[in-house]
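Pasted below: protein25.cif, mmCIF, C-alpha atoms.
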data_final
#
loop_
_atom_site.label_atom_id
_atom_site.label_comp_id
_atom_site.auth_asym_id
_atom_site.auth_seq_id
_atom_site.Cartn_x
_atom_site.Cartn_y
_atom_site.Cartn_z
CA PRO X 8 126.52 79.65 81.97
CA PHE X 9 125.54 83.27 82.60
CA ALA X 10 127.20 84.42 79.38
CA ALA X 11 125.01 82.02 77.40
CA LEU X 12 121.77 83.54 78.71
CA PRO X 13 119.88 86.28 76.81
CA GLN X 14 121.08 89.70 77.89
CA VAL X 15 120.26 93.32 77.12
CA ARG X 16 122.88 95.92 77.99
CA ASN X 17 121.94 99.59 78.43
CA PRO X 18 118.62 99.18 76.56
CA PRO X 19 116.96 102.13 74.79
CA GLY X 20 114.48 103.85 77.08
CA GLY X 21 116.28 102.51 80.13
CA TYR X 22 113.95 99.61 80.89
CA VAL X 23 113.57 95.87 80.78
CA HIS X 24 110.35 94.14 81.71
CA ASN X 25 109.06 90.60 82.01
CA GLU X 26 105.70 89.16 83.04
CA ASN X 27 106.44 85.42 82.74
CA ASP X 28 106.73 85.46 78.97
CA SER X 29 109.80 84.76 76.85
CA PRO X 30 112.67 87.29 77.10
CA HIS X 31 112.61 88.29 73.43
CA PHE X 32 110.49 91.39 74.06
CA ALA X 33 112.14 92.52 77.30
CA ASN X 34 112.83 95.81 75.51
CA VAL X 35 110.97 96.68 72.32
CA ARG X 36 112.72 99.96 71.49
CA ARG X 37 115.62 98.00 70.06
CA ARG X 38 115.41 95.62 67.14
CA VAL X 39 113.80 92.44 68.44
CA ASN X 40 115.53 89.27 67.30
CA LEU X 41 112.89 86.56 66.95
CA VAL X 42 115.43 83.81 66.30
CA ASN X 43 115.36 81.57 69.35
CA ALA X 44 119.07 81.01 69.94
CA TYR X 45 118.57 79.63 73.44
CA PRO X 46 117.45 75.97 73.52
CA ASN X 47 116.39 76.19 77.19
CA ILE X 48 114.03 79.16 76.61
CA GLU X 49 110.51 79.08 75.21
CA PRO X 50 109.69 80.45 71.73
CA PRO X 51 108.81 84.16 71.37
CA THR X 52 105.63 84.93 73.33
CA LEU X 53 103.99 88.20 74.38
CA ARG X 54 100.63 87.81 76.05
CA LEU X 55 98.19 90.58 76.88
CA ARG X 56 99.55 91.35 80.33
CA SER X 57 103.03 91.82 78.89
CA GLN X 58 101.65 94.06 76.14
CA HIS X 59 99.88 96.10 78.81
CA ALA X 60 103.23 96.53 80.59
CA ILE X 61 104.87 97.86 77.43
CA GLN X 62 102.04 100.35 76.97
CA LEU X 63 102.61 101.57 80.52
CA VAL X 64 106.38 102.13 80.19
CA GLY X 65 106.87 102.37 76.44
CA GLY X 66 106.25 106.07 75.89
CA THR X 67 108.67 108.97 76.14
CA ARG X 68 107.79 110.21 79.63
CA THR X 69 110.23 110.07 82.54
CA PHE X 70 109.00 108.13 85.57
CA SER X 71 109.52 109.02 89.20
CA LEU X 72 109.26 106.23 91.76
CA GLU X 73 105.76 107.43 92.60
CA ASP X 74 104.82 107.34 88.89
CA VAL X 75 105.96 103.72 88.74
CA VAL X 76 103.76 102.84 91.70
CA ARG X 77 100.73 104.50 90.11
CA ALA X 78 101.34 102.81 86.76
CA LYS X 79 101.76 99.44 88.41
CA HIS X 80 98.19 99.63 89.72
CA SER X 81 96.61 100.00 86.28
CA TYR X 82 93.18 98.34 86.26
CA ARG X 83 92.69 98.30 82.48
CA MET X 84 91.48 95.11 80.82
CA LEU X 85 93.47 95.19 77.61
CA LEU X 86 91.35 92.37 76.19
CA ALA X 87 88.34 94.69 76.19
CA ASP X 88 90.25 97.25 74.12
CA ARG X 89 90.92 94.54 71.54
CA VAL X 90 87.54 92.83 71.19
CA LYS X 91 84.80 95.05 72.63
CA PRO X 92 84.09 96.92 69.36
CA ASP X 93 83.46 93.61 67.56
CA LEU X 94 81.32 92.35 70.44
CA ILE X 95 79.17 95.48 70.43
CA ALA X 96 78.69 95.22 66.67
CA ALA X 97 77.82 91.53 66.91
CA VAL X 98 75.18 92.03 69.60
CA ARG X 99 73.75 95.14 67.93
CA ALA X 100 73.24 93.12 64.72
CA THR X 101 70.82 90.82 66.58
CA LYS X 102 68.55 93.82 67.38
CA PRO X 103 68.51 93.07 71.13
CA ALA X 104 65.70 94.05 73.46
CA GLY X 105 65.08 94.12 77.18
CA ASP X 106 67.95 93.29 79.50
CA VAL X 107 70.26 92.36 76.61
CA ALA X 108 69.81 95.79 75.02
CA ALA X 109 70.34 97.51 78.37
CA ALA X 110 73.44 95.38 79.04
CA LEU X 111 74.83 96.31 75.63
CA ALA X 112 74.38 100.00 76.48
CA LEU X 113 76.22 99.39 79.76
CA LEU X 114 79.06 97.68 77.91
CA ARG X 115 79.42 100.69 75.59
CA ARG X 116 79.68 103.03 78.61
CA TRP X 117 82.08 100.80 80.57
CA ASN X 118 85.62 102.19 80.75
CA ASN X 119 87.32 98.81 80.15
CA THR X 120 88.74 98.56 83.66
CA ALA X 121 88.47 96.14 86.58
CA ALA X 122 88.62 98.95 89.14
CA PRO X 123 87.51 98.15 92.70
CA SER X 124 84.62 100.63 92.66
CA GLY X 125 82.39 102.06 89.97
CA SER X 126 83.39 99.54 87.31
CA ARG X 127 80.07 98.17 86.06
CA GLY X 128 80.43 96.04 82.97
CA ALA X 129 83.70 94.28 83.81
CA MET X 130 81.98 91.34 85.52
CA LEU X 131 79.58 90.89 82.61
CA PHE X 132 82.43 91.11 80.10
CA GLU X 133 84.55 88.51 81.91
CA ILE X 134 81.69 86.02 82.20
CA TRP X 135 80.92 86.58 78.50
CA PHE X 136 84.51 85.92 77.45
CA GLN X 137 84.81 82.79 79.56
CA ARG X 138 81.73 81.40 77.80
CA TYR X 139 82.77 82.56 74.33
CA ALA X 140 86.37 81.29 74.51
CA GLN X 141 85.84 78.14 76.59
CA GLY X 142 87.74 75.20 75.10
CA ARG X 143 88.64 77.14 71.93
CA GLN X 144 91.98 77.62 70.23
CA PRO X 145 93.15 81.22 69.60
CA GLN X 146 92.26 81.02 65.89
CA ASP X 147 88.66 80.22 66.90
CA VAL X 148 88.54 83.08 69.39
CA PHE X 149 90.23 86.04 67.70
CA ALA X 150 89.86 87.41 64.19
CA GLN X 151 93.63 87.88 64.33
CA PRO X 152 95.50 85.70 66.84
CA TRP X 153 98.85 86.82 68.19
CA LEU X 154 101.59 87.36 65.63
CA GLU X 155 105.33 87.46 66.28
CA THR X 156 105.58 90.11 63.57
CA ASP X 157 102.86 92.31 65.13
CA PRO X 158 103.38 91.55 68.81
CA LEU X 159 101.96 94.73 70.35
CA ARG X 160 98.62 94.89 68.48
CA THR X 161 97.53 91.26 68.43
CA PRO X 162 95.39 89.36 69.26
CA ARG X 163 92.40 91.47 68.23
CA GLY X 164 88.84 91.15 66.97
CA LEU X 165 86.43 88.23 67.20
CA ALA X 166 86.55 85.15 65.01
CA ALA X 167 82.90 84.12 65.54
CA ARG X 168 80.51 87.02 65.92
CA THR X 169 77.36 84.91 65.95
CA ARG X 170 78.74 82.78 68.78
CA ALA X 171 79.89 85.95 70.55
CA ALA X 172 76.37 87.41 70.47
CA GLU X 173 74.86 84.17 71.75
CA ALA X 174 77.41 84.03 74.55
CA PHE X 175 76.59 87.62 75.50
CA GLN X 176 72.88 86.89 75.83
CA TRP X 177 73.77 83.91 78.03
CA ALA X 178 76.18 86.05 80.09
CA VAL X 179 73.50 88.63 80.89
CA GLU X 180 71.32 85.93 82.44
CA GLU X 181 74.23 84.11 84.07
CA THR X 182 75.70 87.23 85.68
CA ALA X 183 72.32 88.07 87.20
CA ARG X 184 71.90 84.48 88.40
CA ARG X 185 75.31 84.38 90.09
CA HIS X 186 75.45 87.89 91.51
CA GLY X 187 71.90 89.20 91.70
CA ARG X 188 72.15 91.67 88.81
CA TRP X 189 73.85 91.79 85.45
CA ASP X 190 75.24 95.30 86.06
CA VAL X 191 76.97 94.33 89.31
CA ALA X 192 80.11 96.34 90.12
CA TRP X 193 83.44 94.53 89.97
CA GLY X 194 84.27 95.35 93.60
CA ASP X 195 80.91 94.09 94.85
CA VAL X 196 82.00 90.61 93.77
CA HIS X 197 85.82 90.67 93.98
CA ARG X 198 87.08 91.06 97.53
CA VAL X 199 90.09 90.91 99.80
CA ARG X 200 89.12 88.99 102.91
CA ARG X 201 91.65 88.48 105.66
CA GLY X 202 91.00 88.64 109.39
CA SER X 203 88.34 91.30 109.93
CA VAL X 204 89.08 92.93 106.54
CA ASP X 205 86.45 92.52 103.80
CA VAL X 206 86.92 95.15 101.10
CA PRO X 207 86.59 95.49 97.30
CA VAL X 208 89.67 94.94 95.18
CA GLY X 209 90.57 95.74 91.57
CA GLY X 210 92.57 93.57 89.22
CA CYS X 211 91.99 90.51 87.09
CA SER X 212 93.77 87.64 85.36
CA GLY X 213 96.50 88.06 82.79
CA VAL X 214 94.20 86.39 80.25
CA MET X 215 91.94 89.43 80.50
CA GLY X 216 94.94 91.71 80.00
CA CYS X 217 95.24 93.17 83.47
CA PHE X 218 98.67 94.26 84.67
CA ARG X 219 97.53 94.22 88.30
CA VAL X 220 97.00 90.50 88.05
CA LEU X 221 94.91 88.60 90.60
CA THR X 222 93.18 85.25 90.70
CA PHE X 223 90.20 84.44 92.87
CA ALA X 224 88.47 81.60 94.68
CA ARG X 225 84.71 81.46 95.21
CA ASP X 226 83.60 81.82 98.84
CA THR X 227 80.47 80.26 100.34
CA ASP X 228 78.44 83.42 99.70
CA GLY X 229 79.42 83.50 96.02
CA LYS X 230 81.93 86.33 96.37
CA LEU X 231 85.30 85.92 94.64
CA ILE X 232 88.20 86.22 97.08
CA ALA X 233 91.70 87.19 95.94
CA ASN X 234 93.98 84.25 96.67
CA SER X 235 97.04 84.66 94.42
CA GLY X 236 98.75 87.04 92.05
CA ASP X 237 100.19 90.40 93.09
CA GLY X 238 100.38 89.56 96.79
CA TRP X 239 103.76 91.20 97.41
CA VAL X 240 104.77 94.33 95.53
CA LEU X 241 108.07 96.20 95.83
CA ALA X 242 109.17 99.31 93.90
CA VAL X 243 112.71 100.58 94.43
CA GLU X 244 114.62 103.67 93.31
CA PHE X 245 118.37 103.05 93.56
CA GLY X 246 120.21 106.17 94.65
CA ASP X 247 122.83 107.01 97.26
CA VAL X 248 120.07 106.19 99.74
CA PRO X 249 117.52 103.86 98.12
CA ARG X 250 113.86 104.84 98.28
CA ALA X 251 111.19 102.15 98.11
CA TYR X 252 107.53 101.34 98.60
CA SER X 253 106.12 97.91 99.36
CA VAL X 254 102.95 96.10 100.36
CA LEU X 255 102.41 92.54 101.60
CA ALA X 256 98.75 91.73 101.03
CA TYR X 257 98.70 88.62 103.17
CA GLY X 258 100.52 90.21 106.11
CA GLN X 259 103.73 89.37 107.91
CA SER X 260 102.15 86.71 110.13
CA PRO X 261 99.95 83.69 109.35
CA ASP X 262 98.59 83.85 112.92
CA PRO X 263 95.07 85.35 112.85
CA ALA X 264 95.63 86.68 116.39
CA SER X 265 98.68 88.68 115.33
CA PRO X 266 98.31 92.42 114.66
CA TRP X 267 100.47 91.81 111.56
CA HIS X 268 98.10 89.24 110.06
CA ALA X 269 95.81 91.57 108.11
CA ASP X 270 97.23 95.05 108.70
CA GLN X 271 98.22 95.54 105.03
CA ALA X 272 95.21 93.86 103.40
CA ALA X 273 93.03 96.96 103.04
CA MET X 274 96.03 99.01 101.89
CA PHE X 275 96.71 96.45 99.18
CA ALA X 276 93.06 96.44 98.09
CA ARG X 277 93.10 100.24 97.74
CA GLY X 278 96.18 100.07 95.50
CA GLU X 279 98.36 101.77 98.10
CA MET X 280 101.87 100.99 99.35
CA LYS X 281 103.93 101.97 102.39
CA ARG X 282 107.40 103.50 102.56
CA VAL X 283 110.18 100.98 103.19
CA ALA X 284 112.45 101.69 106.15
CA PHE X 285 116.01 101.48 104.78
CA THR X 286 118.23 103.66 106.93
CA ARG X 287 119.00 102.92 110.58
CA ALA X 288 117.10 106.05 111.60
CA ALA X 289 114.00 104.98 109.68
CA VAL X 290 114.14 101.48 111.14
CA GLU X 291 114.51 102.88 114.65
CA ALA X 292 111.61 105.26 114.12
CA GLY X 293 109.35 102.44 112.99
CA ALA X 294 110.42 99.85 115.55
CA VAL X 295 107.64 98.33 117.63
CA THR X 296 109.71 95.82 119.62
CA ARG X 297 113.44 95.74 120.32
CA TYR X 298 115.25 92.53 121.23
CA ARG X 299 118.81 91.58 122.07
CA PRO X 300 119.78 87.94 122.58
CA GLY X 301 119.62 87.08 126.28
CA ALA X 302 117.39 90.03 127.11
CA ARG X 303 113.62 90.31 127.46
CA PRO X 304 111.98 92.00 124.42
CA SER X 305 110.96 95.61 125.06
CA SER X 306 108.25 97.60 123.31
#
Can I see the file as structure tokens?
Amino acid sequence: PFAALPQVRNPPGGYVHNENDSPHFANVRRRVNLVNAYPNIEPPTLRLRSQHAIQLVGGTRTFSLEDVVRAKHSYRMLLADRVKPDLIAAVRATKPAGDVAAALALLRRWNNTAAPSGSRGAMLFEIWFQRYAQGRQPQDVFAQPWLETDPLRTPRGLAARTRAAEAFQWAVEETARRHGRWDVAWGDVHRVRRGSVDVPVGGCSGVMGCFRVLTFARDTDGKLIANSGDGWVLAVEFGDVPRAYSVLAYGQSPDPASPWHADQAAMFARGEMKRVAFTRAAVEAGAVTRYRPGARPSS
């Protein structure tokens, strides 16, 4: 029954959020009850993407609808904030030379984002982490795994610095082998391809701590093509006349011959959204074809 489900009424700060984790942390300005009183709901969980969300909305600023849209397109990799200092220290301790030393310098300069352009270091970092964490439990990956009692600052640090340094050396070579250079830009590899559109895109998996979450499939040329994640985005401000922005990355039509097949793909890749037509006047102004049953469509 609805009354038996977890509920938050008029929460402090005026927000609730959820990114496919348990509802316990839907609002963290109130006292969070970690007792799981709902047998059909998973135990308390707050992964990196959810923590990123709280950082975006958890301050004291007031958000306009446009502010929400900008915040939603955050390209930060929260994982890098948590473990990059330990990784740099671990690699520096090996006294690296050559490409490994140059890659370490790049990692220090990298701004910890998976932005579509200018983000050099993100690809190297992701390949490193996949190698370092592959098949490992959280306690073998992080110096401090996630804690219910410290949900917004964990996990953090590296549990195995020697293995981390070895994985980094491997990642430098592997990134160059896969993509031609170890300092390849994120957007040179990660693309939106639909119809005639082939453009760079920012965003990454929730495991890496991105809020703009995307997953990718490898194409025949080795590029990684966005195929799931934030494909449809809608932001609404409820007033007397609602205002809203939306984007549908994969288009309104599955027909490649349709003008609505790929018309929003590049917009999505740029992190932009279009105004939603809500009023009759706005719908009329944006109409391309008009149709009444029994009559021939008119454009």
Output check: residues returned by the PyMOL selection byres ((chain X and resi 250) around 12), as a PDB file with C-alpha atoms, keeping the file's coordinate frame:
ATOM      1  CA  SER X  71     109.520 109.020  89.200  1.00  0.00           C
ATOM      2  CA  LEU X  72     109.260 106.230  91.760  1.00  0.00           C
ATOM      3  CA  GLU X  73     105.760 107.430  92.600  1.00  0.00           C
ATOM      4  CA  LEU X 241     108.070  96.200  95.830  1.00  0.00           C
ATOM      5  CA  ALA X 242     109.170  99.310  93.900  1.00  0.00           C
ATOM      6  CA  VAL X 243     112.710 100.580  94.430  1.00  0.00           C
ATOM      7  CA  GLU X 244     114.620 103.670  93.310  1.00  0.00           C
ATOM      8  CA  PHE X 245     118.370 103.050  93.560  1.00  0.00           C
ATOM      9  CA  GLY X 246     120.210 106.170  94.650  1.00  0.00           C
ATOM     10  CA  ASP X 247     122.830 107.010  97.260  1.00  0.00           C
ATOM     11  CA  VAL X 248     120.070 106.190  99.740  1.00  0.00           C
ATOM     12  CA  PRO X 249     117.520 103.860  98.120  1.00  0.00           C
ATOM     13  CA  ALA X 251     111.190 102.150  98.110  1.00  0.00           C
ATOM     14  CA  TYR X 252     107.530 101.340  98.600  1.00  0.00           C
ATOM     15  CA  SER X 253     106.120  97.910  99.360  1.00  0.00           C
ATOM     16  CA  LYS X 281     103.930 101.970 102.390  1.00  0.00           C
ATOM     17  CA  ARG X 282     107.400 103.500 102.560  1.00  0.00           C
ATOM     18  CA  VAL X 283     110.180 100.980 103.190  1.00  0.00           C
ATOM     19  CA  ALA X 284     112.450 101.690 106.150  1.00  0.00           C
ATOM     20  CA  PHE X 285     116.010 101.480 104.780  1.00  0.00           C
ATOM     21  CA  THR X 286     118.230 103.660 106.930  1.00  0.00           C
ATOM     22  CA  ALA X 289     114.000 104.980 109.680  1.00  0.00           C
TER      23      ALA X 289
END
Which neighbours of Gly229 of chain X fall inside 9 Å, counting all atoms listed in the file, when residues of the same chain fewer than 4 positions from it are skipped, and could you give them as a PDB file with C-alpha atoms, in the coordinates of the input?
ATOM      1  CA  ARG X 185      75.310  84.380  90.090  1.00  0.00           C
ATOM      2  CA  HIS X 186      75.450  87.890  91.510  1.00  0.00           C
ATOM      3  CA  VAL X 196      82.000  90.610  93.770  1.00  0.00           C
ATOM      4  CA  ARG X 225      84.710  81.460  95.210  1.00  0.00           C
TER       5      ARG X 225
END
- Message: Could you list, as an MDAnalysis selection string, every residue within 9 Å of Asp270 of chain X, counting only C-alpha atoms and ignoring same-chain residues fewer than 3 positions away?
- Response: chainID X and resid 202 204 256:259 266:267 273:274
- Item | 8 Å contact set for segment 111-115 of chain X, all atoms listed in the file, chain neighbours under 5 positions out, as a list in words |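 Once the nearby chain positions are removed, what remains is Ile95, Val98, Arg99, Arg127, Gly128, Phe132 and Asp190 of chain X.
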Residues selected by the PyMOL selection byres ((chain X and resi 168) around 12), written as a compact mmCIF listing (two decimals) with C-alpha atoms, in the coordinates of the input:
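Just written: selection_22.txt:
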# COMPACT_ATOMS: atom_id res chain seq x y z
CA VAL X 90 87.54 92.83 71.19
CA LYS X 91 84.80 95.05 72.63
CA PRO X 92 84.09 96.92 69.36
CA ASP X 93 83.46 93.61 67.56
CA LEU X 94 81.32 92.35 70.44
CA ILE X 95 79.17 95.48 70.43
CA ALA X 96 78.69 95.22 66.67
CA ALA X 97 77.82 91.53 66.91
CA VAL X 98 75.18 92.03 69.60
CA ARG X 99 73.75 95.14 67.93
CA ALA X 100 73.24 93.12 64.72
CA THR X 101 70.82 90.82 66.58
CA TYR X 139 82.77 82.56 74.33
CA ALA X 140 86.37 81.29 74.51
CA ASP X 147 88.66 80.22 66.90
CA VAL X 148 88.54 83.08 69.39
CA PHE X 149 90.23 86.04 67.70
CA ALA X 150 89.86 87.41 64.19
CA GLY X 164 88.84 91.15 66.97
CA LEU X 165 86.43 88.23 67.20
CA ALA X 166 86.55 85.15 65.01
CA ALA X 167 82.90 84.12 65.54
CA THR X 169 77.36 84.91 65.95
CA ARG X 170 78.74 82.78 68.78
CA ALA X 171 79.89 85.95 70.55
CA ALA X 172 76.37 87.41 70.47
CA GLU X 173 74.86 84.17 71.75
CA ALA X 174 77.41 84.03 74.55
CA PHE X 175 76.59 87.62 75.50
- Would you translate the PyMOL selection byres ((chain X and resi 218) around 8) into the concrete set of residues it matches in this file, as a PyMOL selection string? chain X and resi 56-57+59-60+79-83+210+213+216-217+219-220
- Could you check how far atom CA of Thr156 of chain X sits from atom CA of Val35 of chain X, in Å to one decimal? 12.2 Å
- Give me, please, the distance in Å between atom CA of Arg37 of chain X and atom CA of Asn17 of chain X, quoted to one decimal. 10.6 Å
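With all atoms listed in the file as the basis for measurement, X:Arg54 is the residue among X:Arg54, X:Lys102, X:Arg198, X:Arg36 that approaches Thr161 of chain X most closely.
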- Counting all atoms listed in the file, select every polymer residue within 9 Å of (75.8, 90.1, 85.4) as defined in the file's coordinates, and provide the selection as number ranges by chain. X: 110, 128, 130-132, 134, 178-192
- Please, what distance in Å, to one decimal, runs between atom CA of Arg16 of chain X and atom CA of Pro30 of chain X?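 According to the coordinates, atom CA of Arg16 of chain X and atom CA of Pro30 of chain X are separated by 13.4 Å.
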- Query: Quick one: of X:His268, X:Arg299, X:Arg116, X:Arg77, who's nearest to Arg201 of chain X, counting only C-alpha atoms?
  - Reply: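 With only C-alpha atoms as the atom set, the closest residue is X:His268.
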- Of the candidates X:Asp106, X:Asp195, X:Glu155, X:Glu133, which shows the shortest atom-to-atom distance to Ala87 of chain X, using only C-alpha atoms?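 Closest to Ala87 of chain X of all the choices is X:Glu133.
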- Item | Residue nearest Ala44 of chain X - candidates X:Gln14, X:Ser124, X:Ser260, X:Gln271, atoms counted: all atoms listed in the file |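 Using all atoms listed in the file, Ala44 of chain X sits closest to X:Gln14.
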- Item | Minimum-distance residue to Ala11 of chain X, chosen among X:Ala272, X:Leu55, X:Ile48, X:Ala78 (using only C-alpha atoms) | X:Ile48
Generate the missing atoms of segment 107-116 of chain X up to all heavy atoms and report them as a short mmCIF file (atom, residue, chain, number, x, y, z; two decimals), in the coordinates of the input.
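What landed in selection-v3.cif:
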data_model
loop_
_atom_site.label_atom_id
_atom_site.label_comp_id
_atom_site.auth_asym_id
_atom_site.auth_seq_id
_atom_site.Cartn_x
_atom_site.Cartn_y
_atom_site.Cartn_z
N VAL X 107 69.11 92.48 77.50
CA VAL X 107 70.26 92.36 76.61
C VAL X 107 70.59 93.72 75.99
O VAL X 107 71.76 94.12 75.91
CB VAL X 107 70.03 91.30 75.53
CG1 VAL X 107 71.21 91.25 74.55
CG2 VAL X 107 69.81 89.93 76.17
N ALA X 108 69.58 94.46 75.58
CA ALA X 108 69.81 95.79 75.02
C ALA X 108 70.37 96.74 76.08
O ALA X 108 71.30 97.51 75.81
CB ALA X 108 68.51 96.35 74.45
N ALA X 109 69.84 96.66 77.30
CA ALA X 109 70.34 97.51 78.37
C ALA X 109 71.77 97.13 78.74
O ALA X 109 72.60 98.00 79.00
CB ALA X 109 69.43 97.39 79.59
N ALA X 110 72.08 95.83 78.74
CA ALA X 110 73.44 95.38 79.04
C ALA X 110 74.41 95.82 77.97
O ALA X 110 75.56 96.17 78.26
CB ALA X 110 73.46 93.86 79.20
N LEU X 111 73.97 95.84 76.72
CA LEU X 111 74.83 96.31 75.63
C LEU X 111 75.15 97.79 75.81
O LEU X 111 76.29 98.23 75.60
CB LEU X 111 74.16 96.06 74.29
CG LEU X 111 74.96 96.48 73.05
CD1 LEU X 111 76.25 95.66 72.96
CD2 LEU X 111 74.13 96.31 71.79
N ALA X 112 74.15 98.58 76.22
CA ALA X 112 74.38 100.00 76.48
C ALA X 112 75.38 100.18 77.62
O ALA X 112 76.24 101.07 77.58
CB ALA X 112 73.06 100.69 76.79
N LEU X 113 75.26 99.34 78.65
CA LEU X 113 76.22 99.39 79.76
C LEU X 113 77.62 99.08 79.27
O LEU X 113 78.59 99.77 79.64
CB LEU X 113 75.81 98.39 80.84
CG LEU X 113 76.82 98.18 81.98
CD1 LEU X 113 76.85 99.40 82.88
CD2 LEU X 113 76.51 96.93 82.78
N LEU X 114 77.75 98.07 78.42
CA LEU X 114 79.06 97.68 77.91
C LEU X 114 79.70 98.82 77.12
O LEU X 114 80.90 99.06 77.22
CB LEU X 114 78.92 96.44 77.04
CG LEU X 114 80.22 95.68 76.76
CD1 LEU X 114 80.69 94.97 78.02
CD2 LEU X 114 80.03 94.67 75.63
N ARG X 115 78.88 99.55 76.35
CA ARG X 115 79.42 100.69 75.59
C ARG X 115 79.95 101.77 76.53
O ARG X 115 80.97 102.40 76.25
CB ARG X 115 78.35 101.27 74.68
CG ARG X 115 78.07 100.45 73.44
CD ARG X 115 77.37 101.28 72.37
NE ARG X 115 76.11 101.83 72.86
CZ ARG X 115 74.92 101.27 72.69
NH1 ARG X 115 74.83 100.12 72.04
NH2 ARG X 115 73.82 101.82 73.16
N ARG X 116 79.27 101.99 77.67
CA ARG X 116 79.68 103.03 78.61
C ARG X 116 80.86 102.62 79.48
O ARG X 116 81.60 103.47 79.98
CB ARG X 116 78.51 103.41 79.53
CG ARG X 116 77.32 104.01 78.83
CD ARG X 116 76.35 104.62 79.85
NE ARG X 116 75.90 103.65 80.84
CZ ARG X 116 74.82 102.87 80.71
NH1 ARG X 116 74.09 102.93 79.60
NH2 ARG X 116 74.47 102.04 81.67
#
